[in-house]
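Chemist: Structure in structure tokens, see below.
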Amino acid sequence: MTDQKPDRTLDTDFFRRWLTAATAMVEREAGRLTELDSAIGDADHGSNLQRGFRSVMTELGKESPAGPGAVLVMAGRQLISTVGGASGPLYGTLLRRTGKALGDTPEVTYEQFTEALRAGVAAVAQLGGAKAGDKTMIDALEPAAEALGTSFRAAAEAAEKGALATVPLQARKGRASYLGERSIGHQDPGATSSALLIAALADTAEATP
């Protein structure tokens, strides 16, 4: 599969491989995520996501979710139940809402996934009360969801750009907002991990024949 819009449908296996790739990326980058979080948060973002995604992998090994939507709903449920702090509910909401929007079909089109992800991102924004520019995961997710209309890789690049753009921002939501102007100059860990999730999506697409 190229980095353009695929002309094939996305099946259950694609979404399982996406979560597997995301887990590997979180494992690899956990230290950096925690380092970023130590500057403006509770210094546990990396370890929390490690625990959550490991739990997702464990459940995927036990269960055989029937359809892309079921895979993401299950993953979201696991993240909510195992990830501490705000990250669990936010990431869990992203995946659960996206999964519910996909429904129970065995395969989905690229366009259906694009619309579902946008619904998931909107649900995260509503839950956290955040908008673009507040120095949160929304700064990576909103541009990614928009760019997904072009290609998987465009979405990953937009998410990475959004995460980097949080450095000069003052945090207005979450734990970092308590620091006021002292939050300026630090990259937001949630936006960074969100960019990793979208990068894993693009890598999965490009590795798909």
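Residues are named by chain letter and number: chains run A, B, ... in the order of the structure tokens, numbers start at 1 in each chain, and ligands are numbered from 1 in the order shown.
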Got a sec: who's within 12 Å of Arg97 (chain A), counting only C-alpha atoms, leaving out chain neighbours fewer than 5 positions off, as a PyMOL selection string?
Modeler: chain A and resi 69-77+89-92+102-103+113+115-127
Chemist: Would you pick out the contacts of Ala132 (chain A) at 10 Å or less, using only C-alpha atoms, so that residues sharing its chain but fewer than 4 positions from it are not included, and give the list as a PyMOL selection string?
Modeler: chain A and resi 125+136-143+162+166
Chemist: Please list as a PDB file with all heavy atoms, in the first residue's frame every residue within 9 Å of Arg153 (chain A), counting only C-alpha atoms and excluding residues in the same chain fewer than 6 positions away.
Modeler:
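Resulting contents of around22.pdb:
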ATOM      1  N   ASP A   3       1.610   5.535   0.208  1.00  0.00           N
ATOM      2  CA  ASP A   3       1.207   6.492   1.227  1.00  0.00           C
ATOM      3  C   ASP A   3       0.042   7.352   0.768  1.00  0.00           C
ATOM      4  O   ASP A   3      -0.352   8.300   1.440  1.00  0.00           O
ATOM      5  CB  ASP A   3       2.402   7.365   1.650  1.00  0.00           C
ATOM      6  CG  ASP A   3       2.841   8.326   0.557  1.00  0.00           C
ATOM      7  OD1 ASP A   3       2.426   8.130  -0.595  1.00  0.00           O
ATOM      8  OD2 ASP A   3       3.590   9.261   0.865  1.00  0.00           O
ATOM      9  N   GLN A   4      -0.506   7.063  -0.395  1.00  0.00           N
ATOM     10  CA  GLN A   4      -1.687   7.783  -0.853  1.00  0.00           C
ATOM     11  C   GLN A   4      -2.946   7.086  -0.333  1.00  0.00           C
ATOM     12  O   GLN A   4      -2.874   6.079   0.341  1.00  0.00           O
ATOM     13  CB  GLN A   4      -1.691   7.855  -2.384  1.00  0.00           C
ATOM     14  CG  GLN A   4      -0.465   8.551  -2.956  1.00  0.00           C
ATOM     15  CD  GLN A   4      -0.274   9.953  -2.406  1.00  0.00           C
ATOM     16  OE1 GLN A   4      -1.205  10.759  -2.416  1.00  0.00           O
ATOM     17  NE2 GLN A   4       0.912  10.250  -1.911  1.00  0.00           N
ATOM     18  N   ALA A 147      -5.589  16.048   7.656  1.00  0.00           N
ATOM     19  CA  ALA A 147      -4.668  15.637   6.595  1.00  0.00           C
ATOM     20  C   ALA A 147      -4.897  14.205   6.147  1.00  0.00           C
ATOM     21  O   ALA A 147      -4.463  13.820   5.053  1.00  0.00           O
ATOM     22  CB  ALA A 147      -3.223  15.805   7.063  1.00  0.00           C
ATOM     23  N   ILE A 198      -0.148   8.222  15.241  1.00  0.00           N
ATOM     24  CA  ILE A 198      -0.445   8.448  13.824  1.00  0.00           C
ATOM     25  C   ILE A 198       0.721   8.002  12.950  1.00  0.00           C
ATOM     26  O   ILE A 198       0.517   7.493  11.843  1.00  0.00           O
ATOM     27  CB  ILE A 198      -0.792   9.926  13.572  1.00  0.00           C
ATOM     28  CG1 ILE A 198      -1.968  10.362  14.464  1.00  0.00           C
ATOM     29  CG2 ILE A 198      -1.157  10.141  12.105  1.00  0.00           C
ATOM     30  CD1 ILE A 198      -3.244   9.565  14.272  1.00  0.00           C
ATOM     31  N   ALA A 199       1.949   8.158  13.444  1.00  0.00           N
ATOM     32  CA  ALA A 199       3.108   7.659  12.687  1.00  0.00           C
ATOM     33  C   ALA A 199       3.034   6.143  12.555  1.00  0.00           C
ATOM     34  O   ALA A 199       3.360   5.587  11.484  1.00  0.00           O
ATOM     35  CB  ALA A 199       4.402   8.071  13.393  1.00  0.00           C
ATOM     36  N   LEU A 201       0.351   4.433  12.405  1.00  0.00           N
ATOM     37  CA  LEU A 201      -0.699   4.195  11.431  1.00  0.00           C
ATOM     38  C   LEU A 201      -0.133   4.277  10.010  1.00  0.00           C
ATOM     39  O   LEU A 201      -0.388   3.402   9.168  1.00  0.00           O
ATOM     40  CB  LEU A 201      -1.821   5.216  11.617  1.00  0.00           C
ATOM     41  CG  LEU A 201      -2.945   5.212  10.579  1.00  0.00           C
ATOM     42  CD1 LEU A 201      -3.732   3.917  10.629  1.00  0.00           C
ATOM     43  CD2 LEU A 201      -3.879   6.414  10.817  1.00  0.00           C
ATOM     44  N   ALA A 202       0.650   5.326   9.754  1.00  0.00           N
ATOM     45  CA  ALA A 202       1.234   5.484   8.422  1.00  0.00           C
ATOM     46  C   ALA A 202       2.221   4.370   8.109  1.00  0.00           C
ATOM     47  O   ALA A 202       2.240   3.836   7.001  1.00  0.00           O
ATOM     48  CB  ALA A 202       1.923   6.852   8.329  1.00  0.00           C
ATOM     49  N   ASP A 203       3.023   3.983   9.103  1.00  0.00           N
ATOM     50  CA  ASP A 203       3.977   2.882   8.899  1.00  0.00           C
ATOM     51  C   ASP A 203       3.242   1.580   8.573  1.00  0.00           C
ATOM     52  O   ASP A 203       3.670   0.812   7.707  1.00  0.00           O
ATOM     53  CB  ASP A 203       4.829   2.688  10.149  1.00  0.00           C
ATOM     54  CG  ASP A 203       5.823   3.812  10.374  1.00  0.00           C
ATOM     55  OD1 ASP A 203       6.007   4.665   9.466  1.00  0.00           O
ATOM     56  OD2 ASP A 203       6.407   3.861  11.488  1.00  0.00           O
ATOM     57  N   ALA A 205       0.281   1.289   7.184  1.00  0.00           N
ATOM     58  CA  ALA A 205      -0.278   1.385   5.836  1.00  0.00           C
ATOM     59  C   ALA A 205       0.790   1.123   4.784  1.00  0.00           C
ATOM     60  O   ALA A 205       0.558   0.419   3.785  1.00  0.00           O
ATOM     61  CB  ALA A 205      -0.904   2.759   5.631  1.00  0.00           C
ATOM     62  N   GLU A 206       1.983   1.690   4.988  1.00  0.00           N
ATOM     63  CA  GLU A 206       3.044   1.548   4.007  1.00  0.00           C
ATOM     64  C   GLU A 206       3.620   0.129   3.985  1.00  0.00           C
ATOM     65  O   GLU A 206       4.204  -0.283   2.972  1.00  0.00           O
ATOM     66  CB  GLU A 206       4.128   2.579   4.274  1.00  0.00           C
ATOM     67  CG  GLU A 206       3.637   3.999   3.959  1.00  0.00           C
ATOM     68  CD  GLU A 206       4.566   5.089   4.477  1.00  0.00           C
ATOM     69  OE1 GLU A 206       5.639   4.758   5.029  1.00  0.00           O
ATOM     70  OE2 GLU A 206       4.194   6.264   4.336  1.00  0.00           O
TER      71      GLU A 206
END
Chemist: Find the residue from A:Ala163, A:Ala130, A:Leu197, A:Leu79 that sits nearest to Leu36 (chain A); use only C-alpha atoms when measuring.
Modeler: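 Looking at the shortest contact to Leu36 (chain A), the residue is A:Ala163.
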Chemist: When you count only C-alpha atoms, which of these residues is closest to Ser64 (chain A): A:Ser38, A:Gln187, A:Thr98, A:Thr12?
Modeler: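 Counting only C-alpha atoms, the residue closest to Ser64 (chain A) is A:Thr12.
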Chemist: Between CA of Ile40 (chain A) and CA of Leu179 (chain A), what is the spacing in Å?
Modeler: 7.3 Å
